[in-house]
Structures are given as C-alpha cells and as structure tokens.
file protein24.cif (mmCIF, N, CA and C atoms)
data_structure
#
loop_
_atom_site.label_atom_id
_atom_site.label_comp_id
_atom_site.auth_asym_id
_atom_site.auth_seq_id
_atom_site.Cartn_x
_atom_site.Cartn_y
_atom_site.Cartn_z
N MET A 172 9.46 9.53 11.05
CA MET A 172 10.41 8.49 10.79
C MET A 172 9.82 7.46 9.82
N MET A 173 8.54 7.20 9.98
CA MET A 173 7.87 6.24 9.11
C MET A 173 7.88 6.73 7.66
N MET A 174 7.67 8.03 7.48
CA MET A 174 7.66 8.58 6.12
C MET A 174 9.03 8.42 5.46
N VAL A 175 10.07 8.61 6.21
CA VAL A 175 11.43 8.43 5.68
C VAL A 175 11.67 6.95 5.36
N ALA A 176 11.19 6.07 6.21
CA ALA A 176 11.37 4.63 5.98
C ALA A 176 10.67 4.18 4.70
N VAL A 177 9.48 4.72 4.46
CA VAL A 177 8.75 4.38 3.22
C VAL A 177 9.52 4.88 2.01
N ALA A 178 10.02 6.11 2.10
CA ALA A 178 10.78 6.66 0.97
C ALA A 178 12.06 5.86 0.73
N TRP A 179 12.74 5.49 1.79
CA TRP A 179 13.97 4.71 1.68
C TRP A 179 13.67 3.35 1.04
N GLN A 180 12.60 2.73 1.48
CA GLN A 180 12.21 1.42 0.94
C GLN A 180 11.87 1.52 -0.55
N MET A 181 11.18 2.59 -0.92
CA MET A 181 10.83 2.78 -2.33
C MET A 181 12.09 2.92 -3.18
N TYR A 182 13.04 3.72 -2.73
CA TYR A 182 14.26 3.91 -3.51
C TYR A 182 15.07 2.62 -3.57
N ASP A 183 15.09 1.89 -2.46
CA ASP A 183 15.81 0.62 -2.43
C ASP A 183 15.15 -0.40 -3.36
N LEU A 184 13.83 -0.38 -3.43
CA LEU A 184 13.07 -1.33 -4.25
C LEU A 184 13.18 -1.02 -5.73
N THR A 185 13.04 0.27 -6.10
CA THR A 185 12.97 0.62 -7.52
C THR A 185 14.23 1.28 -8.05
N GLY A 186 14.98 1.97 -7.18
CA GLY A 186 16.14 2.71 -7.65
C GLY A 186 15.77 3.91 -8.50
N SER A 187 14.50 4.31 -8.45
CA SER A 187 13.99 5.37 -9.31
C SER A 187 13.76 6.66 -8.52
N ALA A 188 14.36 7.74 -8.99
CA ALA A 188 14.14 9.04 -8.36
C ALA A 188 12.69 9.48 -8.58
N TRP A 189 12.09 9.09 -9.69
CA TRP A 189 10.69 9.42 -9.97
C TRP A 189 9.77 8.82 -8.91
N ASP A 190 9.97 7.53 -8.61
CA ASP A 190 9.13 6.88 -7.60
C ASP A 190 9.37 7.48 -6.21
N LEU A 191 10.60 7.84 -5.93
CA LEU A 191 10.91 8.50 -4.66
C LEU A 191 10.18 9.83 -4.57
N GLY A 192 10.14 10.57 -5.65
CA GLY A 192 9.41 11.83 -5.69
C GLY A 192 7.92 11.63 -5.53
N LEU A 193 7.39 10.55 -6.12
CA LEU A 193 5.97 10.24 -5.96
C LEU A 193 5.62 9.98 -4.51
N VAL A 194 6.49 9.29 -3.80
CA VAL A 194 6.26 9.03 -2.38
C VAL A 194 6.13 10.35 -1.63
N GLY A 195 7.05 11.26 -1.87
CA GLY A 195 6.98 12.57 -1.21
C GLY A 195 5.73 13.34 -1.58
N LEU A 196 5.37 13.31 -2.85
CA LEU A 196 4.17 14.01 -3.30
C LEU A 196 2.92 13.42 -2.68
N LEU A 197 2.84 12.10 -2.67
CA LEU A 197 1.65 11.44 -2.13
C LEU A 197 1.56 11.54 -0.61
N GLN A 198 2.66 11.85 0.04
CA GLN A 198 2.61 12.11 1.47
C GLN A 198 2.19 13.55 1.75
N PHE A 199 2.48 14.46 0.82
CA PHE A 199 2.17 15.88 1.00
C PHE A 199 0.76 16.24 0.54
N LEU A 200 0.31 15.70 -0.57
CA LEU A 200 -0.97 16.10 -1.16
C LEU A 200 -2.17 15.92 -0.22
N PRO A 201 -2.30 14.79 0.49
CA PRO A 201 -3.46 14.69 1.40
C PRO A 201 -3.47 15.77 2.47
N ALA A 202 -2.31 16.16 2.97
CA ALA A 202 -2.26 17.23 3.96
C ALA A 202 -2.76 18.54 3.36
N LEU A 203 -2.46 18.77 2.11
CA LEU A 203 -2.91 19.98 1.43
C LEU A 203 -4.41 19.92 1.14
N VAL A 204 -4.86 18.81 0.61
CA VAL A 204 -6.26 18.66 0.20
C VAL A 204 -7.20 18.59 1.41
N LEU A 205 -6.76 17.95 2.47
CA LEU A 205 -7.64 17.73 3.63
C LEU A 205 -7.48 18.78 4.72
N THR A 206 -6.85 19.89 4.45
CA THR A 206 -6.63 20.89 5.48
C THR A 206 -7.94 21.38 6.09
N LEU A 207 -8.90 21.73 5.26
CA LEU A 207 -10.17 22.24 5.78
C LEU A 207 -10.96 21.16 6.52
N VAL A 208 -10.97 19.97 5.98
CA VAL A 208 -11.69 18.86 6.63
C VAL A 208 -11.06 18.55 7.97
N ALA A 209 -9.75 18.47 8.01
CA ALA A 209 -9.05 18.17 9.27
C ALA A 209 -9.25 19.28 10.29
N GLY A 210 -9.26 20.52 9.86
CA GLY A 210 -9.52 21.63 10.77
C GLY A 210 -10.92 21.56 11.34
N HIS A 211 -11.88 21.20 10.52
CA HIS A 211 -13.27 21.04 10.98
C HIS A 211 -13.36 19.92 12.02
N VAL A 212 -12.71 18.81 11.73
CA VAL A 212 -12.71 17.68 12.68
C VAL A 212 -12.05 18.09 13.99
N ALA A 213 -10.95 18.82 13.92
CA ALA A 213 -10.25 19.24 15.13
C ALA A 213 -11.10 20.20 15.97
N ASP A 214 -11.89 21.03 15.30
CA ASP A 214 -12.75 21.96 16.03
C ASP A 214 -14.00 21.29 16.59
N ARG A 215 -14.49 20.31 15.90
CA ARG A 215 -15.76 19.69 16.28
C ARG A 215 -15.61 18.57 17.31
N TYR A 216 -14.52 17.84 17.24
CA TYR A 216 -14.34 16.68 18.11
C TYR A 216 -13.18 16.91 19.08
N ASN A 217 -13.14 16.08 20.08
CA ASN A 217 -12.09 16.16 21.09
C ASN A 217 -10.73 15.94 20.42
N ARG A 218 -9.86 16.91 20.54
CA ARG A 218 -8.57 16.85 19.85
C ARG A 218 -7.69 15.72 20.35
N ALA A 219 -7.80 15.41 21.62
CA ALA A 219 -7.00 14.30 22.17
C ALA A 219 -7.43 12.98 21.55
N ARG A 220 -8.73 12.83 21.35
CA ARG A 220 -9.22 11.59 20.72
C ARG A 220 -8.85 11.51 19.25
N VAL A 221 -8.86 12.64 18.57
CA VAL A 221 -8.44 12.66 17.17
C VAL A 221 -6.97 12.27 17.08
N LEU A 222 -6.16 12.84 17.95
CA LEU A 222 -4.73 12.51 17.97
C LEU A 222 -4.51 11.04 18.31
N CYS A 223 -5.28 10.53 19.27
CA CYS A 223 -5.16 9.12 19.64
C CYS A 223 -5.53 8.22 18.46
N ALA A 224 -6.58 8.57 17.75
CA ALA A 224 -6.98 7.79 16.57
C ALA A 224 -5.88 7.83 15.51
N CYS A 225 -5.26 9.00 15.33
CA CYS A 225 -4.16 9.12 14.38
C CYS A 225 -3.00 8.21 14.76
N MET A 226 -2.69 8.16 16.03
CA MET A 226 -1.59 7.31 16.48
C MET A 226 -1.91 5.83 16.30
N VAL A 227 -3.15 5.46 16.54
CA VAL A 227 -3.56 4.06 16.34
C VAL A 227 -3.44 3.68 14.87
N VAL A 228 -3.89 4.57 14.00
CA VAL A 228 -3.80 4.30 12.56
C VAL A 228 -2.33 4.22 12.13
N GLN A 229 -1.50 5.12 12.64
CA GLN A 229 -0.08 5.06 12.30
C GLN A 229 0.56 3.77 12.79
N ALA A 230 0.18 3.32 13.97
CA ALA A 230 0.72 2.06 14.48
C ALA A 230 0.28 0.89 13.61
N ALA A 231 -0.96 0.91 13.15
CA ALA A 231 -1.44 -0.15 12.26
C ALA A 231 -0.70 -0.11 10.93
N LEU A 232 -0.48 1.07 10.40
CA LEU A 232 0.28 1.20 9.15
C LEU A 232 1.71 0.73 9.33
N ALA A 233 2.31 1.05 10.46
CA ALA A 233 3.68 0.61 10.73
C ALA A 233 3.73 -0.91 10.83
N ALA A 234 2.75 -1.50 11.50
CA ALA A 234 2.71 -2.96 11.62
C ALA A 234 2.54 -3.62 10.25
N ALA A 235 1.68 -3.04 9.42
CA ALA A 235 1.49 -3.58 8.07
C ALA A 235 2.77 -3.46 7.25
N PHE A 236 3.46 -2.33 7.41
CA PHE A 236 4.72 -2.11 6.69
C PHE A 236 5.79 -3.11 7.13
N VAL A 237 5.89 -3.32 8.43
CA VAL A 237 6.87 -4.29 8.95
C VAL A 237 6.53 -5.69 8.48
N PHE A 238 5.26 -6.07 8.55
CA PHE A 238 4.85 -7.40 8.11
C PHE A 238 5.13 -7.61 6.63
N ALA A 239 4.77 -6.61 5.82
CA ALA A 239 5.01 -6.72 4.37
C ALA A 239 6.51 -6.79 4.08
N SER A 240 7.30 -6.06 4.83
CA SER A 240 8.75 -6.08 4.61
C SER A 240 9.37 -7.42 4.99
N THR A 241 8.95 -7.96 6.12
CA THR A 241 9.52 -9.23 6.56
C THR A 241 9.08 -10.40 5.69
N GLU A 242 7.89 -10.31 5.13
CA GLU A 242 7.38 -11.37 4.26
C GLU A 242 7.73 -11.15 2.79
N HIS A 243 8.45 -10.07 2.51
CA HIS A 243 8.87 -9.73 1.13
C HIS A 243 7.68 -9.50 0.21
N TRP A 244 6.66 -8.85 0.74
CA TRP A 244 5.47 -8.51 -0.05
C TRP A 244 5.44 -7.05 -0.46
N VAL A 245 6.51 -6.33 -0.20
CA VAL A 245 6.52 -4.90 -0.50
C VAL A 245 6.59 -4.70 -2.01
N THR A 246 5.66 -3.91 -2.51
CA THR A 246 5.64 -3.55 -3.93
C THR A 246 5.58 -2.03 -4.04
N ARG A 247 5.81 -1.56 -5.22
CA ARG A 247 5.75 -0.13 -5.49
C ARG A 247 4.36 0.41 -5.15
N GLU A 248 3.33 -0.32 -5.56
CA GLU A 248 1.96 0.12 -5.33
C GLU A 248 1.62 0.15 -3.84
N LEU A 249 2.09 -0.84 -3.10
CA LEU A 249 1.85 -0.86 -1.66
C LEU A 249 2.47 0.36 -0.99
N LEU A 250 3.68 0.70 -1.39
CA LEU A 250 4.35 1.86 -0.81
C LEU A 250 3.65 3.16 -1.18
N LEU A 251 3.09 3.24 -2.37
CA LEU A 251 2.36 4.44 -2.76
C LEU A 251 1.06 4.58 -1.97
N VAL A 252 0.36 3.47 -1.76
CA VAL A 252 -0.86 3.49 -0.94
C VAL A 252 -0.52 3.86 0.50
N LEU A 253 0.55 3.30 1.00
CA LEU A 253 1.00 3.61 2.35
C LEU A 253 1.36 5.10 2.47
N SER A 254 1.93 5.67 1.44
CA SER A 254 2.27 7.09 1.45
C SER A 254 1.02 7.96 1.54
N VAL A 255 -0.01 7.61 0.79
CA VAL A 255 -1.28 8.36 0.84
C VAL A 255 -1.89 8.25 2.24
N ALA A 256 -1.88 7.05 2.80
CA ALA A 256 -2.44 6.84 4.13
C ALA A 256 -1.68 7.64 5.18
N LEU A 257 -0.37 7.65 5.10
CA LEU A 257 0.43 8.43 6.05
C LEU A 257 0.19 9.92 5.90
N GLY A 258 0.05 10.37 4.67
CA GLY A 258 -0.24 11.79 4.44
C GLY A 258 -1.59 12.19 4.98
N THR A 259 -2.56 11.30 4.86
CA THR A 259 -3.90 11.56 5.38
C THR A 259 -3.87 11.67 6.91
N VAL A 260 -3.19 10.75 7.54
CA VAL A 260 -3.07 10.79 9.00
C VAL A 260 -2.34 12.05 9.43
N LYS A 261 -1.31 12.41 8.71
CA LYS A 261 -0.53 13.61 9.04
C LYS A 261 -1.41 14.86 8.96
N ALA A 262 -2.34 14.91 8.02
CA ALA A 262 -3.23 16.07 7.89
C ALA A 262 -4.05 16.25 9.17
N PHE A 263 -4.55 15.16 9.72
CA PHE A 263 -5.36 15.25 10.93
C PHE A 263 -4.50 15.50 12.18
N GLU A 264 -3.28 15.03 12.18
CA GLU A 264 -2.37 15.32 13.28
C GLU A 264 -1.99 16.79 13.32
N MET A 265 -1.75 17.37 12.17
CA MET A 265 -1.34 18.77 12.11
C MET A 265 -2.49 19.70 12.47
N ALA A 266 -3.73 19.27 12.28
CA ALA A 266 -4.88 20.13 12.55
C ALA A 266 -5.13 20.32 14.04
N ARG A 267 -4.52 19.54 14.86
CA ARG A 267 -4.77 19.65 16.30
C ARG A 267 -4.12 20.88 16.90
N HIS A 268 -3.21 21.51 16.20
CA HIS A 268 -2.49 22.68 16.76
C HIS A 268 -3.31 23.92 16.63
#
call {"tool": "encode", "arguments": {"input": "protein24.cif", "output": "structure tokens"}}
result
Amino acid sequence: MMMVAVAWQMYDLTGSAWDLGLVGLLQFLPALVLTLVAGHVADRYNRARVLCACMVVQAALAAAFVFASTEHWVTRELLLVLSVALGTVKAFEMARH
C-alpha cells in the first residue's frame, strides 16, 4: 500500500508519467540487485528478526512520508529516495520465503 501511495503522490506532485515510471523502477531494481544478498541474510540470520527489522524500517519510512506530506515538504527527489528505500526493504522481506 505504501508503494502505491508513493506512486500516487509522485503523479499528483509532478503530473509526469516519466516520474511515475521512475518510482516503479526504483522500487523494483533494489529487489533485483539485492536478491543474492537478501537470500544470504535470510539464510544466515533469524528470519523472524529480519522480517521484524523490515517492518520497523517500513514504519519509519511511513512516518517520514506522513510527516513530509503534512508539512508540505514532499519533493520529487524525496519520493525517489523513498522508492529506493522501500524497494530495498521489499528485497529483504521477499527473501524470507
């Protein structure tokens, strides 16, 4: 849901299909690039703790997103960084399976 909210915010902010596509790409690329690293982490460490850490990071990102939105600090660059962070967390979440 957070990934959709970031994409929606980007399109609302810029009105650009290019920027919307960048959000999707930057959410997908970390999952692709970090597949082996995330798999290694999932095999080496307690998977429940890895998942818990992912959830904590997602909650922090959501709080930052809400704060930036309410204070009108949302920029294109912030949303792109948030997309990379969400994609990175998603890579480690998917590795637990």
call {"tool": "resolve_selection", "arguments": {"input": "protein24.cif", "expression": "the PyMOL selection byres (((chain A and resi 254 and name CA) around 9) and name CA)", "output": "mmCIF file with N, CA and C atoms, in the coordinates of the input"}}
result
data_model
loop_
_atom_site.group_PDB
_atom_site.id
_atom_site.type_symbol
_atom_site.label_atom_id
_atom_site.label_comp_id
_atom_site.auth_asym_id
_atom_site.auth_seq_id
_atom_site.Cartn_x
_atom_site.Cartn_y
_atom_site.Cartn_z
ATOM 1 N N MET A 174 7.670 8.030 7.480
ATOM 2 C CA MET A 174 7.660 8.580 6.120
ATOM 3 C C MET A 174 9.030 8.420 5.460
ATOM 4 N N VAL A 177 9.480 4.720 4.460
ATOM 5 C CA VAL A 177 8.750 4.380 3.220
ATOM 6 C C VAL A 177 9.520 4.880 2.010
ATOM 7 N N ALA A 178 10.020 6.110 2.100
ATOM 8 C CA ALA A 178 10.780 6.660 0.970
ATOM 9 C C ALA A 178 12.060 5.860 0.730
ATOM 10 N N LEU A 193 7.390 10.550 -6.120
ATOM 11 C CA LEU A 193 5.970 10.240 -5.960
ATOM 12 C C LEU A 193 5.620 9.980 -4.510
ATOM 13 N N VAL A 194 6.490 9.290 -3.800
ATOM 14 C CA VAL A 194 6.260 9.030 -2.380
ATOM 15 C C VAL A 194 6.130 10.350 -1.630
ATOM 16 N N GLY A 195 7.050 11.260 -1.870
ATOM 17 C CA GLY A 195 6.980 12.570 -1.210
ATOM 18 C C GLY A 195 5.730 13.340 -1.580
ATOM 19 N N LEU A 196 5.370 13.310 -2.850
ATOM 20 C CA LEU A 196 4.170 14.010 -3.300
ATOM 21 C C LEU A 196 2.920 13.420 -2.680
ATOM 22 N N LEU A 197 2.840 12.100 -2.670
ATOM 23 C CA LEU A 197 1.650 11.440 -2.130
ATOM 24 C C LEU A 197 1.560 11.540 -0.610
ATOM 25 N N GLN A 198 2.660 11.850 0.040
ATOM 26 C CA GLN A 198 2.610 12.110 1.470
ATOM 27 C C GLN A 198 2.190 13.550 1.750
ATOM 28 N N PHE A 199 2.480 14.460 0.820
ATOM 29 C CA PHE A 199 2.170 15.880 1.000
ATOM 30 C C PHE A 199 0.760 16.240 0.540
ATOM 31 N N LEU A 249 2.090 -0.840 -3.100
ATOM 32 C CA LEU A 249 1.850 -0.860 -1.660
ATOM 33 C C LEU A 249 2.470 0.360 -0.990
ATOM 34 N N LEU A 250 3.680 0.700 -1.390
ATOM 35 C CA LEU A 250 4.350 1.860 -0.810
ATOM 36 C C LEU A 250 3.650 3.160 -1.180
ATOM 37 N N LEU A 251 3.090 3.240 -2.370
ATOM 38 C CA LEU A 251 2.360 4.440 -2.760
ATOM 39 C C LEU A 251 1.060 4.580 -1.970
ATOM 40 N N VAL A 252 0.360 3.470 -1.760
ATOM 41 C CA VAL A 252 -0.860 3.490 -0.940
ATOM 42 C C VAL A 252 -0.520 3.860 0.500
ATOM 43 N N LEU A 253 0.550 3.300 1.000
ATOM 44 C CA LEU A 253 1.000 3.610 2.350
ATOM 45 C C LEU A 253 1.360 5.100 2.470
ATOM 46 N N VAL A 255 -0.010 7.610 0.790
ATOM 47 C CA VAL A 255 -1.280 8.360 0.840
ATOM 48 C C VAL A 255 -1.890 8.250 2.240
ATOM 49 N N ALA A 256 -1.880 7.050 2.800
ATOM 50 C CA ALA A 256 -2.440 6.840 4.130
ATOM 51 C C ALA A 256 -1.680 7.640 5.180
ATOM 52 N N LEU A 257 -0.370 7.650 5.100
ATOM 53 C CA LEU A 257 0.430 8.430 6.050
ATOM 54 C C LEU A 257 0.190 9.920 5.900
ATOM 55 N N GLY A 258 0.050 10.370 4.670
ATOM 56 C CA GLY A 258 -0.240 11.790 4.440
ATOM 57 C C GLY A 258 -1.590 12.190 4.980
ATOM 58 N N THR A 259 -2.560 11.300 4.860
ATOM 59 C CA THR A 259 -3.900 11.560 5.380
ATOM 60 C C THR A 259 -3.870 11.670 6.910
#
call {"tool": "residues_near_point", "arguments": {"input": "protein24.cif", "point": "(8.8, -5.2, -3.7)", "cutoff": "8 Å", "atoms": "only N, CA and C atoms", "output": "list in words"}}
result
Asp183, Leu184, Thr185, His243, Trp244, Val245, Thr246, Arg247 and Glu248 of chain A
call {"tool": "write_last_selection", "arguments": {"input": "protein24.cif", "atoms": "N, CA and C atoms", "output": "tab-separated table (two decimals), in the frame of the given file"}}
result
chain	number	residue	atom	x	y	z
A	183	ASP	N	15.09	1.89	-2.46
A	183	ASP	CA	15.81	0.62	-2.43
A	183	ASP	C	15.15	-0.40	-3.36
A	184	LEU	N	13.83	-0.38	-3.43
A	184	LEU	CA	13.07	-1.33	-4.25
A	184	LEU	C	13.18	-1.02	-5.73
A	185	THR	N	13.04	0.27	-6.10
A	185	THR	CA	12.97	0.62	-7.52
A	185	THR	C	14.23	1.28	-8.05
A	243	HIS	N	8.45	-10.07	2.51
A	243	HIS	CA	8.87	-9.73	1.13
A	243	HIS	C	7.68	-9.50	0.21
A	244	TRP	N	6.66	-8.85	0.74
A	244	TRP	CA	5.47	-8.51	-0.05
A	244	TRP	C	5.44	-7.05	-0.46
A	245	VAL	N	6.51	-6.33	-0.20
A	245	VAL	CA	6.52	-4.90	-0.50
A	245	VAL	C	6.59	-4.70	-2.01
A	246	THR	N	5.66	-3.91	-2.51
A	246	THR	CA	5.64	-3.55	-3.93
A	246	THR	C	5.58	-2.03	-4.04
A	247	ARG	N	5.81	-1.56	-5.22
A	247	ARG	CA	5.75	-0.13	-5.49
A	247	ARG	C	4.36	0.41	-5.15
A	248	GLU	N	3.33	-0.32	-5.56
A	248	GLU	CA	1.96	0.12	-5.33
A	248	GLU	C	1.62	0.15	-3.84
call {"tool": "atom_distance", "arguments": {"input": "protein24.cif", "atom1": "CA of Gly210 (chain A)", "atom2": "CA of Ala266 (chain A)"}}
result
5.2 Å
call {"tool": "residues_around", "arguments": {"input": "protein24.cif", "residues": "Glu264 (chain A)", "least_positions_apart": "2", "cutoff": "8 Å", "atoms": "all atoms listed in the file", "output": "JSON list (two decimals) with N, CA and C atoms, in the coordinates of the input"}}
result
[["chain", "number", "residue", "atom", "x", "y", "z"],
["A", 209, "ALA", "N", -9.75, 18.47, 8.01],
["A", 209, "ALA", "CA", -9.05, 18.17, 9.27],
["A", 209, "ALA", "C", -9.25, 19.28, 10.29],
["A", 221, "VAL", "N", -8.86, 12.64, 18.57],
["A", 221, "VAL", "CA", -8.44, 12.66, 17.17],
["A", 221, "VAL", "C", -6.97, 12.27, 17.08],
["A", 222, "LEU", "N", -6.16, 12.84, 17.95],
["A", 222, "LEU", "CA", -4.73, 12.51, 17.97],
["A", 222, "LEU", "C", -4.51, 11.04, 18.31],
["A", 225, "CYS", "N", -5.26, 9.00, 15.33],
["A", 225, "CYS", "CA", -4.16, 9.12, 14.38],
["A", 225, "CYS", "C", -3.00, 8.21, 14.76],
["A", 226, "MET", "N", -2.69, 8.16, 16.03],
["A", 226, "MET", "CA", -1.59, 7.31, 16.48],
["A", 226, "MET", "C", -1.91, 5.83, 16.30],
["A", 258, "GLY", "N", 0.05, 10.37, 4.67],
["A", 258, "GLY", "CA", -0.24, 11.79, 4.44],
["A", 258, "GLY", "C", -1.59, 12.19, 4.98],
["A", 259, "THR", "N", -2.56, 11.30, 4.86],
["A", 259, "THR", "CA", -3.90, 11.56, 5.38],
["A", 259, "THR", "C", -3.87, 11.67, 6.91],
["A", 260, "VAL", "N", -3.19, 10.75, 7.54],
["A", 260, "VAL", "CA", -3.07, 10.79, 9.00],
["A", 260, "VAL", "C", -2.34, 12.05, 9.43],
["A", 261, "LYS", "N", -1.31, 12.41, 8.71],
["A", 261, "LYS", "CA", -0.53, 13.61, 9.04],
["A", 261, "LYS", "C", -1.41, 14.86, 8.96],
["A", 262, "ALA", "N", -2.34, 14.91, 8.02],
["A", 262, "ALA", "CA", -3.23, 16.07, 7.89],
["A", 262, "ALA", "C", -4.05, 16.25, 9.17],
["A", 266, "ALA", "N", -3.73, 19.27, 12.28],
["A", 266, "ALA", "CA", -4.88, 20.13, 12.55],
["A", 266, "ALA", "C", -5.13, 20.32, 14.04],
["A", 267, "ARG", "N", -4.52, 19.54, 14.86],
["A", 267, "ARG", "CA", -4.77, 19.65, 16.30],
["A", 267, "ARG", "C", -4.12, 20.88, 16.90],
["A", 268, "HIS", "N", -3.21, 21.51, 16.20],
["A", 268, "HIS", "CA", -2.49, 22.68, 16.76],
["A", 268, "HIS", "C", -3.31, 23.92, 16.63]]
call {"tool": "axis_aligned_box", "arguments": {"input": "protein24.cif", "around": "region 199-205 of chain A", "padding_each_side": "6 Å", "output": "AutoDock Vina command-line options"}}
result
--center_x -2.6 --center_y 17.2 --center_z 1.8 --size_x 22.1 --size_y 17.5 --size_z 17.9
call {"tool": "atom_distance", "arguments": {"input": "protein24.cif", "atom1": "CA of Met172 (chain A)", "atom2": "CA of Ala231 (chain A)"}}
result
14.7 Å
